[in-house]
Each structure stands twice: as structure tokens, then as C-alpha cells.
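Student: Provided herewith: upload-v5.txt, compact mmCIF, C-alpha atoms.
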```txt
# COMPACT_ATOMS: atom_id res chain seq x y z
CA MET A 4 20.24 -5.31 -27.29
CA THR A 5 23.90 -4.68 -26.52
CA ALA A 6 25.56 -4.03 -23.20
CA GLY A 7 26.11 -0.45 -24.27
CA ASN A 8 22.50 0.52 -24.88
CA THR A 9 21.44 -1.61 -21.92
CA SER A 10 23.35 0.86 -19.76
CA ASP A 11 21.17 3.66 -21.14
CA LEU A 12 18.14 1.95 -19.62
CA LEU A 13 19.57 1.87 -16.10
CA ARG A 14 19.02 4.48 -13.42
CA SER A 15 22.13 6.05 -11.96
CA HIS A 16 22.38 5.49 -8.21
CA ALA A 17 25.41 7.75 -8.00
CA GLU A 18 23.16 10.75 -7.33
CA PRO A 19 19.69 11.25 -5.79
CA GLN A 20 16.86 10.09 -8.03
CA ARG A 21 13.28 11.37 -8.09
CA ALA A 22 10.03 9.93 -9.33
CA THR A 23 9.30 10.70 -12.98
CA TYR A 24 6.09 12.01 -14.52
CA VAL A 25 5.17 8.65 -16.01
CA GLU A 26 5.33 7.14 -12.51
CA LEU A 27 3.04 9.86 -11.19
CA PHE A 28 0.75 9.20 -14.15
CA PHE A 29 0.64 5.55 -13.08
CA ASP A 30 -0.41 6.62 -9.58
CA VAL A 31 -3.49 8.32 -11.02
CA ILE A 32 -4.69 4.86 -12.09
CA LEU A 33 -4.32 3.71 -8.48
CA VAL A 34 -6.76 6.41 -7.37
CA PHE A 35 -9.44 4.84 -9.55
CA ALA A 36 -8.54 1.33 -8.39
CA LEU A 37 -8.73 2.23 -4.70
CA THR A 38 -12.00 4.08 -5.25
CA ARG A 39 -13.49 1.00 -6.87
CA LEU A 40 -12.32 -1.18 -3.99
CA SER A 41 -13.70 1.09 -1.26
CA HIS A 42 -17.05 1.52 -3.01
CA THR A 43 -17.32 -2.24 -3.61
CA LEU A 44 -16.68 -2.92 0.07
CA PHE A 45 -19.23 -0.25 1.05
CA THR A 46 -21.89 -2.08 -0.94
CA ASP A 47 -20.94 -5.45 0.60
CA LEU A 48 -20.07 -4.81 4.24
CA THR A 49 -19.63 -8.44 5.24
CA TRP A 50 -16.64 -10.51 6.34
CA LEU A 51 -16.62 -12.12 2.89
CA GLY A 52 -16.75 -8.70 1.25
CA ALA A 53 -13.80 -7.59 3.38
CA LEU A 54 -11.86 -10.72 2.40
CA HIS A 55 -12.59 -10.11 -1.29
CA THR A 56 -11.35 -6.53 -0.95
CA ALA A 57 -8.16 -7.64 0.82
CA ILE A 58 -7.34 -10.13 -1.96
CA LEU A 59 -7.93 -7.57 -4.71
CA LEU A 60 -5.94 -4.92 -2.84
CA ALA A 61 -3.02 -7.36 -2.59
CA ALA A 62 -3.13 -7.87 -6.36
CA PHE A 63 -3.06 -4.13 -7.07
CA TRP A 64 -0.33 -3.71 -4.47
CA TRP A 65 1.94 -6.34 -6.04
CA ILE A 66 1.59 -4.63 -9.40
CA TRP A 67 2.44 -1.25 -7.93
CA ILE A 68 5.36 -2.40 -5.75
CA PHE A 69 7.02 -4.51 -8.45
CA THR A 70 6.67 -1.64 -10.90
CA ALA A 71 8.14 0.79 -8.35
CA TRP A 72 11.15 -1.48 -7.88
CA THR A 73 11.51 -1.89 -11.63
CA THR A 74 11.60 1.87 -12.14
CA ASP A 75 14.14 2.11 -9.33
CA ARG A 76 16.46 -0.08 -11.39
CA LEU A 77 15.47 1.04 -14.91
CA ASN A 78 15.09 4.64 -16.01
CA PRO A 79 11.41 5.39 -16.80
CA ALA A 80 12.46 8.52 -18.69
CA GLN A 81 13.66 6.18 -21.46
CA PRO A 82 11.01 5.52 -24.16
CA ALA A 83 11.72 1.76 -24.02
CA ILE A 84 10.76 1.67 -20.32
CA GLN A 85 7.68 3.83 -20.89
CA VAL A 86 6.53 1.36 -23.53
CA VAL A 87 6.38 -1.18 -20.69
CA ILE A 88 4.91 1.06 -17.98
CA ILE A 89 2.06 2.52 -20.05
CA PRO A 90 0.56 -0.90 -20.92
CA ILE A 91 0.84 -1.78 -17.22
CA MET A 92 -1.21 1.33 -16.50
CA LEU A 93 -3.84 0.28 -19.03
CA GLY A 94 -3.95 -3.21 -17.58
CA THR A 95 -4.33 -1.86 -14.06
CA LEU A 96 -7.20 0.31 -15.28
CA ILE A 97 -8.88 -2.76 -16.79
CA MET A 98 -8.41 -4.66 -13.52
CA ALA A 99 -9.96 -1.75 -11.62
CA GLY A 100 -12.96 -1.87 -13.93
CA ALA A 101 -13.35 -5.60 -13.32
CA ALA A 102 -12.75 -5.42 -9.55
CA PRO A 103 -16.40 -5.13 -8.39
CA THR A 104 -17.29 -8.36 -10.21
CA ALA A 105 -13.91 -10.07 -9.99
CA PHE A 106 -15.40 -12.81 -7.79
CA GLY A 107 -18.22 -13.21 -10.27
CA GLU A 108 -18.47 -12.98 -14.03
CA ASP A 109 -15.31 -10.87 -14.59
CA GLY A 110 -12.91 -13.08 -12.68
CA MET A 111 -11.00 -14.20 -15.76
CA ILE A 112 -10.61 -10.63 -17.03
CA PHE A 113 -9.14 -9.58 -13.69
CA ALA A 114 -6.86 -12.61 -13.32
CA ALA A 115 -5.63 -12.77 -16.92
CA THR A 116 -4.82 -9.07 -16.98
CA TYR A 117 -2.94 -9.38 -13.68
CA VAL A 118 -0.88 -12.32 -14.97
CA ILE A 119 -0.06 -10.56 -18.26
CA ILE A 120 1.17 -7.51 -16.32
CA GLN A 121 3.33 -9.42 -13.85
CA VAL A 122 4.82 -11.93 -16.27
CA GLY A 123 5.23 -9.38 -19.07
CA ARG A 124 7.13 -6.90 -16.91
CA ALA A 125 9.41 -9.60 -15.47
CA LEU A 126 10.06 -10.96 -18.97
CA PHE A 127 11.01 -7.52 -20.23
CA VAL A 128 13.43 -6.88 -17.36
CA THR A 129 15.02 -10.32 -17.75
CA THR A 130 15.47 -9.80 -21.48
CA ALA A 131 16.66 -6.19 -21.25
CA LEU A 132 19.33 -7.00 -18.65
CA ARG A 133 20.43 -10.39 -19.97
CA ARG A 134 23.88 -9.04 -20.91
CA ARG A 135 24.34 -7.31 -17.56
CA PRO A 136 24.21 -10.09 -14.92
CA GLU A 137 25.65 -7.77 -12.30
CA VAL A 138 22.50 -5.64 -12.42
CA ALA A 139 19.99 -8.31 -13.54
CA ILE A 140 19.75 -9.40 -9.91
CA GLY A 141 17.06 -12.04 -9.50
CA SER A 142 15.17 -11.14 -12.68
CA PRO A 143 14.96 -14.73 -14.01
CA GLN A 144 13.85 -15.98 -10.59
CA GLN A 145 11.14 -13.33 -10.38
CA LEU A 146 9.91 -14.27 -13.86
CA ILE A 147 9.56 -17.94 -12.92
CA TRP A 148 7.88 -17.17 -9.58
CA ASN A 149 5.42 -14.85 -11.31
CA CYS A 150 4.56 -17.68 -13.70
CA PHE A 151 3.87 -19.96 -10.70
CA ALA A 152 1.61 -17.33 -9.15
CA GLY A 153 -0.06 -16.75 -12.52
CA VAL A 154 -1.12 -20.38 -12.69
CA LEU A 155 -2.97 -19.95 -9.38
CA TRP A 156 -4.70 -16.74 -10.48
CA ILE A 157 -5.90 -18.35 -13.73
CA ALA A 158 -6.91 -21.56 -11.95
CA GLY A 159 -8.95 -19.52 -9.47
CA ALA A 160 -10.68 -17.66 -12.28
CA LEU A 161 -11.78 -21.00 -13.75
CA THR A 162 -13.62 -21.82 -10.53
CA ALA A 163 -16.30 -20.01 -8.57
CA GLY A 164 -17.47 -19.26 -5.04
CA THR A 165 -15.39 -20.44 -2.10
CA THR A 166 -12.96 -22.33 -4.32
CA ARG A 167 -11.97 -19.14 -6.15
CA VAL A 168 -11.54 -17.31 -2.86
CA VAL A 169 -9.24 -20.02 -1.47
CA ILE A 170 -7.12 -20.29 -4.62
CA TRP A 171 -6.75 -16.52 -4.93
CA ILE A 172 -5.76 -16.27 -1.26
CA LEU A 173 -2.98 -18.76 -2.01
CA ALA A 174 -2.00 -16.75 -5.09
CA ALA A 175 -1.83 -13.50 -3.11
CA LEU A 176 0.15 -15.17 -0.32
CA LEU A 177 2.57 -16.61 -2.85
CA GLY A 178 3.58 -13.05 -3.70
CA TYR A 179 4.57 -12.51 -0.08
CA THR A 180 6.20 -15.93 0.21
CA MET A 181 8.39 -15.58 -2.86
CA SER A 182 9.60 -12.22 -1.62
CA ARG A 183 10.42 -13.60 1.84
CA LEU A 184 12.27 -16.53 0.22
CA ASP A 185 14.29 -14.04 -1.84
CA PHE A 186 12.82 -15.64 -4.99
CA ARG A 187 14.98 -18.71 -4.33
CA LEU A 188 14.84 -21.49 -6.93
CA PRO A 189 16.75 -24.73 -7.49
CA MET A 190 19.74 -24.28 -9.79
CA LEU A 191 19.28 -20.49 -9.95
CA GLY A 192 19.55 -19.86 -6.21
CA PRO A 193 18.23 -16.70 -4.47
CA ALA A 194 17.69 -13.32 -6.07
CA ARG A 195 20.17 -11.72 -3.63
CA ILE A 196 17.89 -8.81 -2.77
CA THR A 197 20.27 -7.82 0.06
CA THR A 198 22.96 -6.99 -2.51
CA GLN A 199 20.72 -4.91 -4.76
CA ALA A 200 21.52 -1.22 -4.96
CA VAL A 201 18.48 0.98 -4.40
CA SER A 202 17.85 4.70 -4.55
CA ALA A 203 16.70 5.69 -1.08
CA GLU A 204 15.26 8.97 -2.32
CA HIS A 205 13.33 7.37 -5.16
CA LEU A 206 11.80 4.44 -3.27
CA ALA A 207 10.95 6.60 -0.26
CA GLU A 208 9.27 9.12 -2.54
CA ARG A 209 7.29 6.35 -4.23
CA TYR A 210 6.04 5.10 -0.85
CA GLN A 211 5.16 8.65 0.19
CA GLN A 212 3.32 9.20 -3.08
CA ILE A 213 1.25 6.03 -2.83
CA MET A 214 0.16 7.15 0.63
CA ILE A 215 -0.89 10.53 -0.76
CA ILE A 216 -2.79 8.65 -3.48
CA ALA A 217 -4.59 6.57 -0.84
CA PHE A 218 -5.45 9.69 1.17
CA GLY A 219 -6.63 11.34 -2.02
CA GLU A 220 -8.97 8.44 -2.73
CA SER A 221 -10.44 8.84 0.75
CA ILE A 222 -11.04 12.55 0.16
CA LEU A 223 -12.63 11.89 -3.24
CA ALA A 224 -14.95 9.24 -1.80
CA ALA A 225 -16.04 11.49 1.08
CA GLY A 226 -16.43 14.49 -1.20
CA GLY A 227 -18.50 12.52 -3.69
CA GLN A 228 -20.87 11.32 -0.98
CA PHE A 229 -21.18 14.81 0.50
CA ALA A 230 -21.87 16.40 -2.88
CA ALA A 231 -24.75 13.99 -3.45
CA PHE A 232 -26.60 15.38 -0.40
CA GLY A 233 -25.79 19.07 -0.67
CA PHE A 234 -25.18 21.32 2.32
CA GLU A 235 -27.47 19.64 4.80
CA ARG A 236 -26.32 20.42 8.33
CA ASP A 237 -25.93 16.80 9.44
CA ARG A 238 -24.06 15.86 6.28
CA LEU A 239 -21.78 18.89 6.61
CA VAL A 240 -20.80 17.93 10.16
CA ALA A 241 -20.25 14.33 9.06
CA PHE A 242 -18.11 15.48 6.13
CA VAL A 243 -15.96 17.66 8.41
CA LEU A 244 -15.40 14.69 10.73
CA ALA A 245 -14.50 12.41 7.82
CA PHE A 246 -12.05 15.02 6.55
CA ALA A 247 -10.57 15.35 10.04
CA ILE A 248 -9.96 11.60 10.26
CA THR A 249 -8.17 11.54 6.91
CA THR A 250 -6.13 14.63 7.78
CA LEU A 251 -5.04 13.16 11.11
CA LEU A 252 -4.00 9.90 9.45
CA TRP A 253 -1.96 11.95 6.96
CA ARG A 254 -0.35 13.88 9.82
CA ILE A 255 0.48 10.72 11.75
CA TYR A 256 2.19 9.21 8.70
CA PHE A 257 4.36 12.13 7.69
CA TYR A 258 5.33 13.17 11.21
CA ARG A 259 7.94 11.89 11.27
CA ALA A 260 8.81 8.39 10.05
CA GLY A 261 7.16 9.02 6.69
CA LEU A 262 9.03 12.29 6.28
CA MET A 263 12.36 10.74 7.30
CA LEU A 264 11.93 7.60 5.20
CA PRO A 265 14.74 8.47 2.72
CA ALA A 266 17.22 8.88 5.59
CA ALA A 267 15.98 5.67 7.24
CA ILE A 268 16.50 3.65 4.04
CA ALA A 269 19.96 5.13 3.55
CA ALA A 270 20.91 4.47 7.20
CA SER A 271 19.85 0.81 7.18
CA ALA A 272 22.44 -1.96 6.97
CA ALA A 273 20.58 -3.50 4.02
CA PRO A 274 18.59 -0.79 2.19
CA ALA A 275 16.90 -3.26 -0.15
CA VAL A 276 15.70 -5.43 2.75
CA PHE A 277 14.49 -2.34 4.62
CA SER A 278 12.59 -1.14 1.56
CA ARG A 279 10.97 -4.54 1.14
CA SER A 280 9.84 -4.57 4.78
CA ALA A 281 8.61 -0.99 4.48
CA SER A 282 6.45 -2.03 1.52
CA TYR A 283 4.49 -4.42 3.75
CA ALA A 284 3.99 -1.69 6.36
CA HIS A 285 2.64 0.60 3.65
CA LEU A 286 0.34 -2.16 2.37
CA VAL A 287 -1.22 -2.46 5.85
CA MET A 288 -1.60 1.32 6.05
CA ALA A 289 -3.19 1.42 2.59
CA GLY A 290 -5.65 -1.25 3.71
CA GLY A 291 -6.47 0.86 6.76
CA ILE A 292 -7.10 3.91 4.58
CA VAL A 293 -9.41 1.96 2.25
CA LEU A 294 -11.38 0.69 5.27
CA SER A 295 -11.43 4.18 6.78
CA SER A 296 -12.74 5.51 3.46
CA VAL A 297 -15.66 3.09 3.75
CA GLY A 298 -16.19 4.42 7.27
CA ASP A 299 -16.34 7.95 5.88
CA GLU A 300 -19.09 6.89 3.47
CA ILE A 301 -21.04 5.39 6.36
CA ILE A 302 -20.67 8.57 8.43
CA ILE A 303 -21.86 10.82 5.60
CA ASN A 304 -24.67 8.56 4.34
CA HIS A 305 -26.05 7.65 7.78
CA PRO A 306 -24.83 10.29 10.26
CA PHE A 307 -27.53 9.82 12.91
CA ALA A 308 -28.89 6.41 11.96
CA GLU A 309 -28.97 3.57 14.46
CA ALA A 310 -25.49 2.14 14.30
CA ASN A 311 -24.47 -1.51 14.51
CA LEU A 312 -21.36 -3.53 15.26
CA VAL A 313 -20.26 -3.66 11.64
CA TRP A 314 -20.46 0.11 11.15
CA SER A 315 -18.69 0.76 14.43
CA ALA A 316 -15.93 -1.72 13.55
CA VAL A 317 -15.39 -0.16 10.12
CA ILE A 318 -15.24 3.43 11.43
CA LEU A 319 -12.82 2.60 14.26
CA CYS A 320 -10.87 -0.39 12.95
CA GLY A 321 -9.90 1.36 9.70
CA PRO A 322 -7.71 3.82 11.67
CA ALA A 323 -6.62 0.93 13.94
CA LEU A 324 -5.35 -1.11 10.99
CA TYR A 325 -3.60 1.99 9.71
CA LEU A 326 -1.90 2.49 13.08
CA ALA A 327 -0.69 -1.13 13.01
CA GLY A 328 1.14 -0.48 9.75
CA ARG A 329 2.38 2.87 11.01
CA ALA A 330 3.76 1.24 14.18
CA ARG A 331 5.66 -1.22 12.01
CA LEU A 332 7.16 1.67 10.04
CA ASP A 333 8.12 3.29 13.36
CA TYR A 334 10.03 0.19 14.36
CA LEU A 335 11.75 -0.14 11.00
CA SER A 336 12.88 3.49 11.12
CA PHE A 337 13.77 3.94 14.79
CA SER A 338 14.02 0.42 16.29
CA LYS A 339 11.14 1.30 18.63
CA VAL A 340 7.43 1.98 18.54
CA ALA A 341 5.76 5.08 19.98
CA VAL A 342 3.56 4.19 22.95
CA SER A 343 0.82 6.52 21.69
CA ARG A 344 0.32 4.34 18.60
CA VAL A 345 -0.03 1.16 20.61
CA VAL A 346 -2.45 2.74 23.10
CA GLY A 347 -4.46 4.37 20.32
CA LEU A 348 -4.67 1.13 18.35
CA LEU A 349 -5.88 -0.81 21.40
CA LEU A 350 -8.46 1.85 22.25
CA LEU A 351 -9.89 1.85 18.74
CA VAL A 352 -10.20 -1.93 18.66
CA VAL A 353 -11.60 -2.27 22.19
CA LEU A 354 -14.10 0.56 21.75
CA SER A 355 -15.50 -0.67 18.44
CA PRO A 356 -17.94 -3.16 20.04
CA VAL A 357 -18.50 -0.99 23.11
CA LEU A 358 -19.67 2.02 21.07
CA ALA A 359 -21.80 0.07 18.60
CA PHE A 360 -24.97 1.58 20.12
CA LEU A 361 -23.93 5.12 19.15
CA SER A 362 -24.75 6.80 15.87
CA PRO A 363 -21.98 6.83 13.21
CA ILE A 364 -21.34 10.56 13.66
CA LEU A 365 -20.67 10.12 17.39
CA ILE A 366 -18.39 7.15 16.75
CA ALA A 367 -16.50 9.37 14.31
CA VAL A 368 -16.05 11.96 17.07
CA VAL A 369 -14.40 9.28 19.23
CA ALA A 370 -12.05 8.37 16.37
CA VAL A 371 -11.12 12.03 15.88
CA VAL A 372 -10.39 12.47 19.59
CA ILE A 373 -8.11 9.41 19.73
CA LEU A 374 -6.25 10.31 16.53
CA THR A 375 -5.85 13.92 17.68
CA ALA A 376 -4.29 12.68 20.93
CA ILE A 377 -1.83 10.54 18.96
CA ALA A 378 -0.90 13.42 16.65
CA ALA A 379 -0.43 15.76 19.62
CA SER A 380 1.69 13.16 21.41
CA ASP A 381 3.89 12.86 18.31
CA THR A 382 4.43 16.61 18.19
CA ILE A 383 5.34 16.83 21.87
CA ALA A 384 7.62 13.78 21.77
CA TRP A 385 9.58 14.98 18.75
CA ARG A 386 9.86 18.52 20.08
CA PHE A 387 11.46 17.43 23.35
CA ARG A 388 13.07 14.15 22.29
CA PRO A 389 14.11 14.48 18.63
CA SER A 390 15.54 11.33 17.12
CA GLU A 391 17.42 10.39 13.99
CA PRO A 392 16.61 7.22 12.03
CA LYS A 393 18.12 4.11 13.58
CA PRO A 394 16.90 1.05 11.68
CA PRO A 395 17.36 -2.30 13.42
CA PRO A 396 19.79 -4.82 11.94
CA PRO A 397 18.03 -7.23 9.54
CA GLY A 398 16.33 -10.01 11.48
CA ARG A 399 16.58 -8.36 14.88
CA PRO A 400 13.59 -9.13 17.15
CA TYR A 401 11.19 -6.46 18.34
CA ARG A 402 12.29 -4.29 21.25
CA ARG A 403 10.05 -2.20 23.45
CA PRO A 404 10.67 1.58 23.31
```
Translate the structure described by the file into C-alpha cells.
Tutor:
Amino acid sequence: MTAGNTSDLLRSHAEPQRATYVELFFDVILVFALTRLSHTLFTDLTWLGALHTAILLAAFWWIWIFTAWTTDRLNPAQPAIQVVIIPIMLGTLIMAGAAPTAFGEDGMIFAATYVIIQVGRALFVTTALRRRPEVAIGSPQQLIWNCFAGVLWIAGALTAGTTRVVIWILAALLGYTMSRLDFRLPMLGPARITTQAVSAEHLAERYQQIMIIAFGESILAAGGQFAAFGFERDRLVAFVLAFAITTLLWRIYFYRAGLMLPAAIAASAAPAVFSRSASYAHLVMAGGIVLSSVGDEIIINHPFAEANLVWSAVILCGPALYLAGRARLDYLSFSKVAVSRVVGLLLLVVLSPVLAFLSPILIAVVAVVILTAIAASDTIAWRFRPSEPKPPPPGRPYRRP
């Protein structure tokens, strides 16, 4: 591959870039993956089940985020790039199929497929850009780090029980660690993420789209449960409440930090660092949506059953976890956090054990009331005190609004 045709593979950052159809096609796979995760957690509502789900979600997230950054650098409209992305889609689909039994008999299928995806993509990028060191920023380092993480995933798959859980936790955390260390390695140095050019429009759109995908999974899960019961009055009310929760979460995201994300990335002193931090905020929000989706299934399946602490925690703490990620995105975009998010988060967490004696449908009403108050507060605040994105300098400590 020559330097000339290597240039054909690169995205142009001289003008706004949008997500391509193959990227949207990839997102469809994520719908299936998230559905599998939420349903698996619904069938195993224990602390261990929640931990399993968090580990698997992290694996899917690292695949998605690394692929999103790859397609921000390389042009997915090129057939050579699609030849890489489409097998990643197939691999992600295989992982989704193995997810419910990933901590059992299908652990090696899940882990091996994950490693092939991560190492294969990094190897392709390193090879494709080998003659363009000015744009091959950190590709060799990422390849080596992915190999390190791959060893842990495979080692975990060769074990069972608690040992696999511990090793896979370390593997998932290594993904976060290598990113925070800027993929630094002896001899090769750091990946210099801060110097990487990014397309604010493209990355922001990818984050917005993955949130829509997560919301879509929640709607599909609730709709599937509702359809199984027909138009029973109790189920209909429960379905409306579940839909209201998802709609309010959607409203809270897009109004307005989610909507202004492209401007926030462009306004930041280090767009690549901002985008990396925003990815973690979106991961937390995606986790909150998956947990909230499980809450929707509880509400629809057992609307007036005798509730318990676990059900109450799932119904209320799903939105609370979501608000934690959304508050982080607030800070990244505006250097402050809306008070309504903090108050709402605290109320949801504090009330989860207090309201455990109520039926799921009544707990859902409480969640809707709190989320509606937050959404209304957002509307009022932005109407009377509009604000433009003002990202904090990289590394600046948290400041109260």
C-alpha cells in the first residue's frame, strides 16, 4: 500500500463529516446486543448478574467506541474499510449470541471473538497507515495494548466461576487504563491522543446515535413484554409508564448537552481528550438505560405484585445511573452541573429502599414524577438562562454551578 492510496482511506477533516450507512448498519447489531444483555439481567436479578452484565457491556462498548474512532480517522465509504467493519459487525453479533452464557459454556466463544475483533482492527489500522506516521497516531501502541488485554480475556475464558469474573474485570479495566495512560509504552512512548485531529460533527453524531440505539432497545424490550400480554388494563398502564420513563430520559439527554455536543467538542481545548471523556459519560448512561430497560420489564410483567428491594432499586437506580452519566456530560460541556440532575439522582437513590414496599407500577410513577421535574427544570433554565458550550480545560477539577 503506497502513501498515495493510503490517503484515499483517510477521512477529510477539512469539512464537516457525517456518519455513513455502514456505521448505522453496525448500530443495528448493537440493538440486538443490548437486548440480550437486558434480558439476561432480567432473568438473573442478583448482584452477580449485574456484575456480569457490566463486564459484558464494557466489552461491547470498547468494540463500538474503538470502531467509532477508527471510522473518524478512516473513511468507511471506502470498500477496504468496509471489509474491516463488516466482519466486526458479524463478530459483535456472535458475541451477542454468546452473551447469556458467556460466564458459562460459551465463555471462549465470547472472549476469542472479542480478541479477534480488537486485535484485527488495530492490526489493519497499523498496517494501512504505516507509511503515514503523521496520521498513524498511536496505532502500534493500541495494537500492543489490545494484545495485552486479549491475553486476559482468553485466560479468563479458560477458567470458570469467580476466577473468570475477576480476570475479566481486570481485562475490562485494562481498556480504561490504557486509554487513560494514552496507550503509553516503553520505546514507543504515548499515543499522543491530544494531538489527534477529530471530526466534532462525526463523533458527536456517533455518540448521539448510540444513545438512540440504547433508547430503541428499551422501547423494543418494553413493547415485546407488552405484546405478550395483550391489552390488559394493568399492562397498558405499566407500558405507558415504561414508555414515559424512556421518553423522559431521551429528553434529558438531548436537551441540551446532547444536542450541543458537536459545538462542545469543537469548543474544547483538546477535542480528542474531550471526546474520550465524553465516551465514558455515554457508557454510564448506556448502562443506566440497560438497567432501566430491565425495570420496564419488571413493571410490565408484575405491575401490581408485591415489590421488593431489588425491584425497587432496578426501577429507580437505572434512571439514577443514567443521570450520573448525564451530569458528567453536563460538566464536560458547560463546566458545571445542573442542580436538578444532582437532586434527582439523590432522590432516586434514597427513595429506592424507602419505596420497596410499593408495587412496581407505583414505583414507576415516582420515577416519572422525578424525571418530569428534571425535564421541566431543564426547559425553564435554558429558556431564561441560555448558555453556550464552555468545556473546562483538560484536567481542571470539578466546580459547583
Student: Just want the 10 Å neighbourhood of Phe232 (chain A), counted on all atoms listed in the file, with same-chain residues fewer than 6 positions away dropped. Output as a VMD selection string.
Tutor: chain A and resid 238 to 239 303 to 304
Student: Which one is closest to Ala260 (chain A): A:Lys393, A:Arg76, A:Arg386, A:His305? Count all atoms listed in the file.
Tutor: A:Lys393
Student: Which residue gives the smallest distance to Thr73 (chain A) among A:Leu13, A:Leu365, A:Leu40, A:Leu335, with only C-alpha atoms counted?
Tutor: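 The closest residue to Thr73 (chain A) is A:Leu13.
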Student: Using only C-alpha atoms, pick whichever of A:Ser41, A:Ser390, A:Ser282, A:Thr74 has the shortest atom-to-atom distance to Ala102 (chain A).
Tutor: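 Among the listed residues, the smallest separation from Ala102 (chain A) belongs to A:Ser41.
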Student: Just to confirm, what's the straight-line distance from CA of Val240 (chain A) to CA of Val346 (chain A) in Å (one decimal)?
Tutor: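 Straight-line distance from CA of Val240 (chain A) to CA of Val346 (chain A) works out to 27.1 Å.
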Student: Which is closest to Pro306 (chain A) among A:Trp50, A:Phe28, A:Trp148, A:Phe229, if we use all atoms listed in the file?
Tutor: A:Phe229
Student: Do you have the CA of Leu155 (chain A)-CA of Ala174 (chain A) distance handy?
Tutor: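 That distance, rounded to one decimal, is 5.4 Å.
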Student: Kindly provide, as a ChimeraX atom specification, the polymer residues lying within 10 Å of (-0.1, 10.4, 23.2), counting only C-alpha atoms and using the coordinates exactly as they appear in the file.
Tutor: /A:341-347,373-384
Student: Check which residues of region 39-90 of chain A sit at most 10 Å from region 309-331 of chain A using only C-alpha atoms, and return one row each with the closest pair of atoms and their distance in Å to one decimal, ordered by chain and rising number, as a Markdown table.
Tutor:
```
| residue | atom | partner | partner_atom | distance |
| --- | --- | --- | --- | --- |
| A:Phe45 | CA | A:Val317 | CA | 9.8 |
| A:Leu48 | CA | A:Val313 | CA | 7.5 |
| A:Thr49 | CA | A:Val313 | CA | 8.0 |
| A:Trp50 | CA | A:Val313 | CA | 9.4 |
```
